$ cat structure-v6.cif   # mmCIF, C-alpha atoms
data_structure
#
loop_
_atom_site.label_atom_id
_atom_site.label_comp_id
_atom_site.auth_asym_id
_atom_site.auth_seq_id
_atom_site.Cartn_x
_atom_site.Cartn_y
_atom_site.Cartn_z
CA MET Z 152 98.16 193.19 45.98
CA CYS Z 153 97.46 196.83 45.23
CA TYR Z 154 97.52 196.22 41.48
CA LEU Z 155 94.13 194.50 41.85
CA ARG Z 156 92.51 197.62 43.31
CA GLY Z 157 89.56 198.59 41.17
CA CYS Z 158 90.08 195.67 38.81
CA VAL Z 159 86.35 195.03 38.56
CA LEU Z 160 85.83 198.57 37.29
CA ILE Z 161 88.78 198.20 34.93
CA VAL Z 162 87.37 194.96 33.55
CA VAL Z 163 83.99 196.55 32.88
CA ILE Z 164 85.59 199.56 31.18
CA GLY Z 165 87.88 197.26 29.20
CA MET Z 166 84.93 195.23 27.94
CA LEU Z 167 83.09 198.36 26.87
CA LEU Z 168 86.15 199.68 25.05
CA SER Z 169 86.95 196.41 23.33
CA SER Z 170 83.93 196.20 21.06
CA GLY Z 171 85.76 197.25 17.89
CA THR Z 172 86.32 194.67 15.18
CA THR Z 173 88.91 194.32 12.45
CA LYS Z 174 88.25 192.65 9.14
CA ALA Z 175 90.65 189.94 8.05
CA GLU Z 176 91.47 191.79 4.83
CA ASP Z 177 92.85 194.69 6.91
CA ASP Z 178 95.35 192.43 8.67
CA LEU Z 179 98.54 192.67 6.60
CA SER Z 180 100.22 189.90 8.57
CA LEU Z 181 97.93 187.36 6.92
CA PRO Z 182 99.33 185.63 3.83
CA GLN Z 183 97.58 186.22 0.53
CA PHE Z 184 96.17 182.72 0.61
CA TYR Z 185 95.49 181.36 4.05
CA SER Z 186 93.37 178.44 5.20
CA ALA Z 187 93.02 176.34 8.32
CA ARG Z 188 95.51 173.52 8.67
CA PRO Z 189 94.26 170.02 9.47
CA LYS Z 190 94.46 169.00 13.12
CA SER Z 191 96.02 165.62 12.51
CA PRO Z 192 98.72 164.53 13.24
CA ARG Z 193 99.17 167.40 15.70
CA TYR Z 194 99.77 166.68 19.37
CA GLN Z 195 96.55 167.10 21.36
CA ALA Z 196 97.54 168.86 24.56
CA GLU Z 197 95.25 168.82 27.57
CA ARG Z 198 92.87 171.79 27.40
CA ARG Z 199 92.95 173.76 30.63
CA PRO Z 200 90.57 176.40 32.00
CA THR Z 201 91.28 180.00 31.06
CA PRO Z 202 93.38 181.64 33.82
CA PRO Z 203 91.53 184.15 36.00
CA LEU Z 204 91.04 187.54 34.36
CA LEU Z 205 92.37 190.22 36.69
CA ALA Z 206 91.83 193.33 34.58
CA ALA Z 207 91.36 194.69 31.07
CA PHE Z 208 91.92 198.06 29.44
CA ALA Z 209 91.70 199.61 26.01
CA ALA Z 210 94.84 199.45 23.89
CA PRO Z 211 96.35 202.85 22.98
CA ASP Z 212 95.38 202.30 19.32
CA GLY Z 213 94.03 199.64 17.01
CA ALA Z 214 96.15 196.91 15.41
CA MET Z 215 98.03 196.10 18.62
CA ARG Z 216 100.72 193.45 18.41
CA GLY Z 217 103.64 192.46 20.66
CA LEU Z 218 103.98 193.19 24.37
CA ALA Z 219 106.96 193.30 26.75
CA TYR Z 220 107.31 193.92 30.49
CA ASP Z 221 110.56 195.41 31.82
CA GLY Z 222 109.87 194.98 35.53
CA GLN Z 223 108.23 198.42 35.80
CA TYR Z 224 106.49 199.33 32.55
CA LEU Z 225 104.48 197.52 29.91
CA TRP Z 226 105.57 198.11 26.29
CA ALA Z 227 103.17 197.63 23.37
CA ALA Z 228 103.83 197.55 19.63
CA ASN Z 229 101.31 198.86 17.12
CA SER Z 230 101.61 197.56 13.55
CA GLY Z 231 100.02 200.58 11.90
CA ASP Z 232 97.78 198.53 9.62
CA GLY Z 233 94.06 197.79 9.65
CA ASN Z 234 92.20 200.01 12.08
CA SER Z 235 95.28 201.84 13.40
CA ILE Z 236 94.99 205.63 13.71
CA GLY Z 237 98.43 206.68 14.94
CA GLY Z 238 100.51 204.49 12.64
CA SER Z 239 103.32 202.13 13.56
CA LYS Z 240 104.37 203.02 17.13
CA VAL Z 241 105.78 201.61 20.35
CA TYR Z 242 103.97 202.66 23.54
CA LYS Z 243 105.19 202.79 27.14
CA LEU Z 244 102.23 201.97 29.39
CA ASP Z 245 101.30 201.81 33.05
CA PRO Z 246 100.98 198.02 33.49
CA ASP Z 247 98.00 198.35 35.87
CA SER Z 248 95.78 200.81 34.02
CA GLY Z 249 97.14 200.95 30.46
CA THR Z 250 97.70 204.71 30.72
CA VAL Z 251 100.07 205.87 27.97
CA LEU Z 252 103.23 207.27 29.59
CA ALA Z 253 105.15 207.80 26.35
CA SER Z 254 104.91 206.93 22.68
CA PHE Z 255 107.60 206.57 20.04
CA ASN Z 256 107.61 206.19 16.29
CA ALA Z 257 108.60 202.62 15.59
CA PRO Z 258 112.04 202.17 13.97
CA SER Z 259 110.38 200.36 11.06
CA ASP Z 260 106.86 200.07 9.68
CA TYR Z 261 104.59 197.19 10.67
CA ALA Z 262 105.76 196.74 14.26
CA CYS Z 263 105.03 193.26 15.49
CA GLY Z 264 107.13 191.67 18.25
CA LEU Z 265 108.57 192.97 21.52
CA THR Z 266 110.56 191.43 24.35
CA TRP Z 267 112.80 192.62 27.20
CA ASP Z 268 116.24 191.08 27.81
CA GLY Z 269 116.86 192.65 31.21
CA GLN Z 270 118.52 195.75 29.76
CA TYR Z 271 117.14 196.45 26.29
CA LEU Z 272 113.99 196.02 24.21
CA TRP Z 273 113.98 193.81 21.14
CA TYR Z 274 111.60 194.71 18.33
CA SER Z 275 110.58 192.95 15.11
CA ALA Z 276 108.96 194.27 11.93
CA TYR Z 277 107.12 191.62 9.96
CA ILE Z 278 107.11 193.24 6.50
CA THR Z 279 110.76 194.31 6.35
CA GLY Z 280 111.89 191.17 8.19
CA LEU Z 281 114.18 193.09 10.54
CA ILE Z 282 114.89 192.72 14.27
CA PHE Z 283 116.12 195.71 16.31
CA GLN Z 284 117.74 196.14 19.71
CA LEU Z 285 116.48 199.37 21.35
CA ASP Z 286 117.22 201.39 24.44
CA THR Z 287 114.18 202.48 26.47
CA PHE Z 288 115.08 206.15 26.91
CA ALA Z 289 114.43 207.45 23.40
CA LEU Z 290 113.95 204.11 21.62
CA THR Z 291 117.29 204.58 19.90
CA VAL Z 292 118.38 201.70 17.68
CA LEU Z 293 121.49 200.03 19.12
CA ASN Z 294 121.70 197.08 16.78
CA THR Z 295 119.76 195.57 13.91
CA PHE Z 296 119.89 192.42 11.83
CA THR Z 297 117.79 190.59 9.28
CA ALA Z 298 115.67 187.93 10.94
CA PRO Z 299 116.50 184.34 9.98
CA THR Z 300 112.87 184.05 8.87
CA THR Z 301 110.61 186.17 6.71
CA HIS Z 302 107.82 187.96 8.59
CA PRO Z 303 109.09 187.67 12.20
CA PHE Z 304 106.15 187.96 14.57
CA ASP Z 305 106.37 188.19 18.37
CA LEU Z 306 109.60 187.74 20.34
CA ALA Z 307 110.67 186.22 23.66
CA TRP Z 308 113.91 186.15 25.70
CA ASP Z 309 114.98 183.26 27.95
CA GLY Z 310 117.91 185.01 29.65
CA MET Z 311 120.41 183.95 27.01
CA ARG Z 312 118.78 183.76 23.59
CA LEU Z 313 116.08 185.39 21.51
CA TYR Z 314 113.03 183.56 20.19
CA ALA Z 315 111.05 184.74 17.15
CA VAL Z 316 107.86 183.35 15.65
CA ARG Z 317 108.43 182.50 12.00
CA GLY Z 318 105.37 184.29 10.64
CA ASN Z 319 102.83 182.13 8.82
CA GLN Z 320 104.91 179.04 9.56
CA ASP Z 321 104.56 176.42 12.29
CA TYR Z 322 107.99 177.14 13.76
CA ILE Z 323 109.67 179.35 16.35
CA SER Z 324 113.30 180.32 15.69
CA VAL Z 325 115.96 180.37 18.40
CA ILE Z 326 118.40 183.19 17.56
CA ASP Z 327 121.94 183.97 18.65
CA THR Z 328 121.80 187.78 18.92
CA SER Z 329 125.58 188.13 18.53
CA ASN Z 330 125.26 187.27 14.83
CA GLY Z 331 121.51 187.12 14.16
CA GLN Z 332 121.69 183.47 13.13
CA GLN Z 333 119.17 180.77 13.92
CA VAL Z 334 120.74 178.12 16.16
CA ASP Z 335 117.67 175.99 16.82
CA SER Z 336 113.91 175.90 16.26
CA ILE Z 337 110.75 174.66 17.96
CA GLU Z 338 107.98 173.19 15.82
CA ALA Z 339 104.38 174.06 16.71
CA THR Z 340 103.09 170.49 16.74
CA TYR Z 341 100.11 171.19 18.99
CA SER Z 342 96.54 170.64 17.84
CA SER Z 343 94.58 173.79 17.02
CA PRO Z 344 91.79 174.84 14.64
CA ASN Z 345 94.33 177.10 12.95
CA VAL Z 346 97.97 176.55 13.85
CA ARG Z 347 99.54 179.97 13.40
CA PRO Z 348 101.83 181.01 16.29
CA PHE Z 349 101.88 184.74 16.85
CA GLY Z 350 102.26 185.95 20.46
CA LEU Z 351 105.25 184.73 22.47
CA THR Z 352 106.61 185.01 26.03
CA PHE Z 353 108.95 183.12 28.36
CA LEU Z 354 108.07 181.85 31.86
CA PRO Z 355 111.23 181.34 33.96
CA ARG Z 356 110.40 178.53 36.37
CA SER Z 357 112.04 175.38 37.70
CA ALA Z 358 110.69 173.76 34.56
CA PRO Z 359 110.89 176.80 32.23
CA LYS Z 360 108.10 177.39 29.72
CA LEU Z 361 107.57 179.17 26.42
CA LEU Z 362 104.04 180.36 25.66
CA ALA Z 363 102.80 180.81 22.08
CA SER Z 364 99.37 182.12 21.12
CA ASP Z 365 97.47 181.46 17.90
CA GLY Z 366 96.80 184.98 16.68
CA ASN Z 367 94.40 184.48 13.81
CA TYR Z 368 90.72 184.41 12.90
CA GLY Z 369 90.27 180.71 13.62
CA SER Z 370 91.76 180.14 17.06
CA ASN Z 371 92.46 182.00 20.28
CA LEU Z 372 94.43 179.25 22.00
CA VAL Z 373 97.58 179.82 24.06
CA HIS Z 374 99.98 176.86 24.08
CA VAL Z 375 102.71 175.93 26.57
CA TRP Z 376 106.10 174.48 25.58
CA ASN Z 377 108.07 172.82 28.39
CA PHE Z 378 111.84 173.12 27.95
CA TYR Z 379 112.50 170.33 30.44
CA THR Z 380 110.43 167.75 28.52
CA SER Z 381 110.83 169.40 25.08
CA ALA Z 382 107.11 169.07 24.44
CA TRP Z 383 103.88 171.04 24.18
CA VAL Z 384 102.14 170.21 27.44
CA ASP Z 385 99.19 172.52 27.88
CA GLN Z 386 96.78 174.84 26.09
CA TRP Z 387 93.95 177.18 27.07
CA ALA Z 388 91.62 179.65 25.37
CA SER Z 389 92.49 183.31 25.97
CA GLU Z 390 88.88 184.35 26.42
CA PRO Z 391 87.74 187.09 25.94
CA ALA Z 392 90.78 187.83 23.74
CA VAL Z 393 89.72 186.41 20.38
CA TYR Z 394 92.90 187.28 18.44
CA PRO Z 395 95.83 187.08 20.93
CA SER Z 396 98.70 188.74 19.09
CA GLY Z 397 101.11 189.64 21.91
CA LEU Z 398 102.11 188.17 25.27
CA ALA Z 399 104.11 189.50 28.25
CA TYR Z 400 104.78 188.03 31.70
CA ASP Z 401 105.81 189.33 35.13
CA SER Z 402 107.58 186.64 37.16
CA VAL Z 403 107.16 188.58 40.43
CA THR Z 404 103.37 189.14 40.47
CA GLU Z 405 102.66 186.19 38.10
CA ARG Z 406 100.61 188.44 35.82
CA MET Z 407 100.37 187.89 32.08
CA TRP Z 408 99.25 190.50 29.57
CA VAL Z 409 97.59 189.48 26.30
CA SER Z 410 96.95 191.98 23.49
CA CYS Z 411 93.88 191.40 21.34
CA TYR Z 412 94.28 192.65 17.77
CA GLU Z 413 90.60 192.30 16.89
CA ARG Z 414 89.15 194.00 19.98
CA ASP Z 415 91.81 196.68 20.45
CA SER Z 416 92.24 195.66 24.08
CA ILE Z 417 94.84 194.33 26.49
CA TYR Z 418 93.79 191.69 29.03
CA VAL Z 419 95.59 190.83 32.27
CA TYR Z 420 95.47 187.25 33.59
CA GLY Z 421 96.67 185.58 36.78
CA ALA Z 422 99.31 183.17 35.47
CA SER Z 423 100.44 181.41 38.65
CA GLN Z 424 99.01 178.07 37.49
CA VAL Z 425 99.72 178.43 33.76
CA GLY Z 426 101.68 175.43 32.55
CA VAL Z 427 101.89 173.88 36.02
CA LEU Z 428 101.39 170.17 35.43
CA SER Z 429 102.95 167.05 36.91
CA ASP Z 430 106.30 167.88 35.31
CA GLU Z 431 106.54 170.93 37.58
CA LEU Z 432 106.81 168.51 40.50
CA VAL Z 433 110.20 167.26 39.26
CA THR Z 434 112.68 167.82 42.06
CA MET Z 435 115.37 170.43 41.68
CA ALA Z 436 118.00 167.77 42.11
CA ALA Z 437 116.64 165.85 39.11
CA ALA Z 438 116.92 169.05 37.07
CA GLY Z 439 120.60 169.34 38.02
CA ILE Z 440 120.34 172.13 40.61
CA HIS Z 441 119.05 172.21 44.16
CA VAL Z 442 119.02 175.14 46.56
CA HIS Z 443 118.71 175.28 50.36
CA PRO Z 444 117.38 177.27 52.03
CA ASN Z 445 114.88 178.67 49.54
CA PRO Z 446 113.52 181.28 50.28
CA PHE Z 447 116.62 182.71 52.00
CA SER Z 448 117.58 185.99 53.65
CA HIS Z 449 121.35 185.95 54.27
CA LYS Z 450 122.86 183.15 52.18
CA THR Z 451 121.89 179.95 50.42
CA LYS Z 452 123.73 176.86 49.25
CA ILE Z 453 123.44 176.03 45.55
CA GLY Z 454 124.28 172.47 44.60
CA TYR Z 455 124.85 171.32 41.03
CA MET Z 456 125.27 167.85 39.53
CA ILE Z 457 125.93 166.78 35.95
CA HIS Z 458 123.77 163.80 34.98
CA ASP Z 459 124.72 163.61 31.30
CA PRO Z 460 127.91 161.58 30.78
CA GLY Z 461 128.35 163.37 27.44
CA CYS Z 462 129.14 166.60 29.25
CA VAL Z 463 132.81 167.43 29.67
CA PRO Z 464 133.74 167.84 33.37
CA GLY Z 465 135.62 170.95 34.36
CA GLU Z 466 135.06 174.44 35.66
CA THR Z 467 131.38 175.37 35.66
CA THR Z 468 129.68 178.76 35.99
CA LEU Z 469 126.23 179.15 37.53
CA ASN Z 470 124.62 182.44 36.52
CA VAL Z 471 122.06 184.26 38.65
CA TYR Z 472 119.48 186.50 36.93
CA ASP Z 473 116.97 188.88 38.44
CA ALA Z 474 113.26 188.86 37.58
CA THR Z 475 113.80 191.06 34.51
CA GLY Z 476 116.37 188.68 33.03
CA ARG Z 477 119.43 190.78 33.93
CA LEU Z 478 122.59 188.84 34.88
CA VAL Z 479 123.49 189.90 38.43
CA LYS Z 480 125.96 187.27 39.65
CA SER Z 481 128.27 184.61 38.26
CA LEU Z 482 129.20 181.81 40.65
CA TYR Z 483 132.17 179.61 39.81
CA LEU Z 484 132.45 175.96 40.77
CA GLU Z 485 136.01 174.69 40.90
CA SER Z 486 134.97 171.42 39.33
CA ALA Z 487 131.92 169.65 38.00
CA ILE Z 488 132.09 165.85 37.92
CA VAL Z 489 129.46 163.59 36.39
CA ASN Z 490 127.09 162.24 39.08
CA HIS Z 491 128.98 164.05 41.81
CA GLU Z 492 127.56 167.16 43.45
CA SER Z 493 129.51 170.41 43.56
CA ALA Z 494 128.21 173.32 45.61
CA VAL Z 495 128.72 177.04 46.16
CA TRP Z 496 127.28 179.51 48.65
CA TRP Z 497 125.59 182.72 47.48
CA ASP Z 498 125.20 185.63 49.89
CA GLY Z 499 122.66 187.58 47.83
CA THR Z 500 125.17 190.07 46.41
CA ASP Z 501 125.87 191.04 42.80
CA ASP Z 502 129.21 190.81 41.02
CA ASP Z 503 130.25 194.16 42.51
CA GLY Z 504 129.55 192.99 46.06
CA HIS Z 505 126.38 195.05 46.51
CA ILE Z 506 123.50 193.47 48.42
CA LEU Z 507 120.61 192.80 46.07
CA PRO Z 508 117.02 193.65 47.07
CA GLY Z 509 114.52 191.01 48.07
CA GLY Z 510 112.65 189.42 45.19
CA VAL Z 511 112.66 186.61 42.64
CA TYR Z 512 115.94 185.39 41.12
CA PHE Z 513 116.88 182.50 38.84
CA VAL Z 514 120.01 180.38 38.91
CA VAL Z 515 120.93 178.91 35.52
CA ALA Z 516 123.41 176.13 34.80
CA PRO Z 517 125.20 175.63 31.43
CA VAL Z 518 122.83 172.81 30.52
CA LYS Z 519 119.72 173.35 28.43
CA SER Z 520 116.65 174.02 30.56
CA CYS Z 521 118.50 173.72 33.88
CA MET Z 522 117.05 176.65 35.84
CA VAL Z 523 115.75 177.07 39.39
CA LYS Z 524 113.70 179.91 40.87
CA LEU Z 525 115.03 181.54 44.06
CA VAL Z 526 113.26 183.88 46.44
CA LYS Z 527 115.44 186.31 48.37
CA LEU Z 528 113.80 187.84 51.43
CA SER Z 529 114.49 191.45 52.39
CA LYS Z 530 116.93 191.65 55.30
#

$ encode --input "structure-v6.cif" --output "structure tokens"
Amino acid sequence: MCYLRGCVLIVVIGMLLSSGTTKAEDDLSLPQFYSARPKSPRYQAERRPTPPLLAAFAAPDGAMRGLAYDGQYLWAANSGDGNSIGGSKVYKLDPDSGTVLASFNAPSDYACGLTWDGQYLWYSAYITGLIFQLDTFALTVLNTFTAPTTHPFDLAWDGMRLYAVRGNQDYISVIDTSNGQQVDSIEATYSSPNVRPFGLTFLPRSAPKLLASDGNYGSNLVHVWNFYTSAWVDQWASEPAVYPSGLAYDSVTERMWVSCYERDSIYVYGASQVGVLSDELVTMAAAGIHVHPNPFSHKTKIGYMIHDPGCVPGETTLNVYDATGRLVKSLYLESAIVNHESAVWWDGTDDDGHILPGGVYFVVAPVKSCMVKLVKLSK
């Protein structure tokens, strides 16, 4: 738990450095005419306590937006508007202290969203409406496409697909990155003083979650979408972040970073209980996958059962991802029969036969939301 060392001092410093304010008229992501939406008939999720604040540090500049965590470094996007000094940039930060390790000119003005797909960064620009795929060595653009929505805000990655907030709308787009097309969407039907999704991140769990924050001047709520139940199930206030505009999550340490546009700060929360409600108690077998033993050190048995009679039986692939979202192993079941369990053993190696290090992994079945968290112990 060395990342907590000196967190009290960091919190105090962060609070002192986060006193700056930004006027609404300086925020170019706001529409020309913008007013609070009525609460009704929005779904009223249960309000939960704010997660424990572990640390806080000053952002590298004003007008901070999206965040991403690549398993080692924290990445932060700066929109370049309002109280920004350095212009539109992407920063590589020490995730514990916020120390700037490198900075890059953003590939487009008005940087907004960031996410990590296990190998590359994805970046959105909300004025030009473009989404970029970037390497992390020199921030070279590898691919770009026009977002299926105007003003794309923050981004998230679920291991297979990209999610983008449809700026100034109550929807989140699900994007196929092979063609840049929207293949699905999630409506923000939660109750909030000002429903305006902005920040976004994905929590890979047995009941996977998508978190969306209301980045605006009327609400600082963070909302939890449960993929297993297809519903908004939880919400909490991101105090002291009053304008949460970017979210990032580390599935190993269960930390979550929240950037605050108004206070020019980044806050670090303990997210182990975020979104954990009764639905999280659903057994793995009910979700379609069960694993034993878990945790494991040498090998584990992964069982899979199709419950939906609409699924076509046949060969099935179970994919294993590491904590950063990188595909490390594909396991093939010879057959998958409705209401009949098939199983395969995994010895903790990747597709090249190399033994993987101890840590958190996720096994994903070809059924929406069917994912189970694995813990591999070091041998």

$ residues_around --input "structure-v6.cif" --residues "range 238-255 of chain Z" --least-positions-apart "3" --cutoff "10 Å" --atoms "all atoms listed in the file" --output "count of residues only"
57

$ closest_residue --input "structure-v6.cif" --among "Z:Arg317, Z:Phe349, Z:Met311, Z:Val511" --to "Thr404 in chain Z" --atoms "all atoms listed in the file"
Z:Val511

$ closest_residue --input "structure-v6.cif" --among "Z:Gly280, Z:Pro355, Z:Gly350, Z:Pro395" --to "Gly369 in chain Z" --atoms "only C-alpha atoms"
Z:Pro395

$ atom_distance --input "structure-v6.cif" --atom1 "CA of Gly476 in chain Z" --atom2 "CA of Leu351 in chain Z"
15.8 Å

$ residues_around --input "structure-v6.cif" --residues "Ile453 in chain Z" --least-positions-apart "6" --cutoff "12 Å" --atoms "all atoms listed in the file" --output "PyMOL selection string"
chain Z and resi 435-436+439-445+447+468-471+482-484+492-499+513-516+522-525

$ residues_around --input "structure-v6.cif" --residues "Thr297 in chain Z" --least-positions-apart "2" --cutoff "10 Å" --atoms "only C-alpha atoms" --output "ChimeraX atom specification"
/Z:275-276,279-283,295,299-301,303,330-332

$ resolve_selection --input "structure-v6.cif" --expression "the PyMOL selection byres ((chain Z and resi 386) around 9)" --output "PyMOL selection string"
chain Z and resi 196-200+341+372-375+383-385+387-388+425-426

$ atom_distance --input "structure-v6.cif" --atom1 "CA of Pro202 in chain Z" --atom2 "CA of Leu181 in chain Z"
27.9 Å

$ closest_residue --input "structure-v6.cif" --among "Z:Gln284, Z:Asn256, Z:Ser329, Z:Ser396" --to "Leu362 in chain Z" --atoms "all atoms listed in the file"
Z:Ser396

$ resolve_selection --input "structure-v6.cif" --expression "the PyMOL selection byres ((chain Z and resi 474) around 12)" --output "ChimeraX atom specification"
/Z:220-223,267-270,309-310,353-356,400-405,471-473,475-479,507-514,524-527

$ closest_residue --input "structure-v6.cif" --among "Z:Tyr455, Z:Tyr379, Z:Ala307, Z:Val393" --to "Thr467 in chain Z" --atoms "all atoms listed in the file"
Z:Tyr455

$ closest_residue --input "structure-v6.cif" --among "Z:Thr201, Z:Asn367, Z:Ser381, Z:Asn294" --to "Gln424 in chain Z" --atoms "all atoms listed in the file"
Z:Thr201

$ atom_distance --input "structure-v6.cif" --atom1 "CA of Ala399 in chain Z" --atom2 "CA of Tyr420 in chain Z"
10.4 Å

$ closest_residue --input "structure-v6.cif" --among "Z:Asn377, Z:Thr500, Z:Ser180, Z:Ser448" --to "Ile278 in chain Z" --atoms "only C-alpha atoms"
Z:Ser180

$ build_atoms --input "structure-v6.cif" --residues "range 339-353 of chain Z" --atoms "N, CA and C atoms" --output "short mmCIF file (atom, residue, chain, number, x, y, z; two decimals), in the coordinates of the input"
data_model
loop_
_atom_site.label_atom_id
_atom_site.label_comp_id
_atom_site.auth_asym_id
_atom_site.auth_seq_id
_atom_site.Cartn_x
_atom_site.Cartn_y
_atom_site.Cartn_z
N ALA Z 339 105.70 173.96 16.08
CA ALA Z 339 104.38 174.06 16.71
C ALA Z 339 103.56 172.83 16.32
N THR Z 340 103.75 171.75 17.06
CA THR Z 340 103.09 170.49 16.74
C THR Z 340 101.82 170.27 17.56
N TYR Z 341 101.34 171.32 18.22
CA TYR Z 341 100.11 171.19 18.99
C TYR Z 341 98.89 171.17 18.07
N SER Z 342 97.79 170.66 18.59
CA SER Z 342 96.54 170.64 17.84
C SER Z 342 95.79 171.95 18.05
N SER Z 343 95.30 172.54 16.96
CA SER Z 343 94.58 173.79 17.02
C SER Z 343 93.72 173.93 15.77
N PRO Z 344 92.59 174.62 15.85
CA PRO Z 344 91.79 174.84 14.64
C PRO Z 344 92.55 175.58 13.55
N ASN Z 345 93.58 176.33 13.93
CA ASN Z 345 94.33 177.10 12.95
C ASN Z 345 95.72 177.37 13.50
N VAL Z 346 96.64 176.44 13.27
CA VAL Z 346 97.97 176.55 13.85
C VAL Z 346 98.72 177.71 13.19
N ARG Z 347 98.82 178.80 13.90
CA ARG Z 347 99.54 179.97 13.40
C ARG Z 347 100.11 180.73 14.59
N PRO Z 348 101.26 180.30 15.13
CA PRO Z 348 101.83 181.01 16.29
C PRO Z 348 102.00 182.49 16.01
N PHE Z 349 101.72 183.30 17.01
CA PHE Z 349 101.88 184.74 16.85
C PHE Z 349 102.50 185.35 18.10
N GLY Z 350 101.73 185.42 19.21
CA GLY Z 350 102.26 185.95 20.46
C GLY Z 350 103.25 184.99 21.09
N LEU Z 351 104.21 185.55 21.88
CA LEU Z 351 105.25 184.73 22.47
C LEU Z 351 105.72 185.36 23.77
N THR Z 352 105.97 184.53 24.81
CA THR Z 352 106.61 185.01 26.03
C THR Z 352 107.25 183.84 26.74
N PHE Z 353 108.19 184.13 27.64
CA PHE Z 353 108.95 183.12 28.36
C PHE Z 353 108.58 183.15 29.83
#
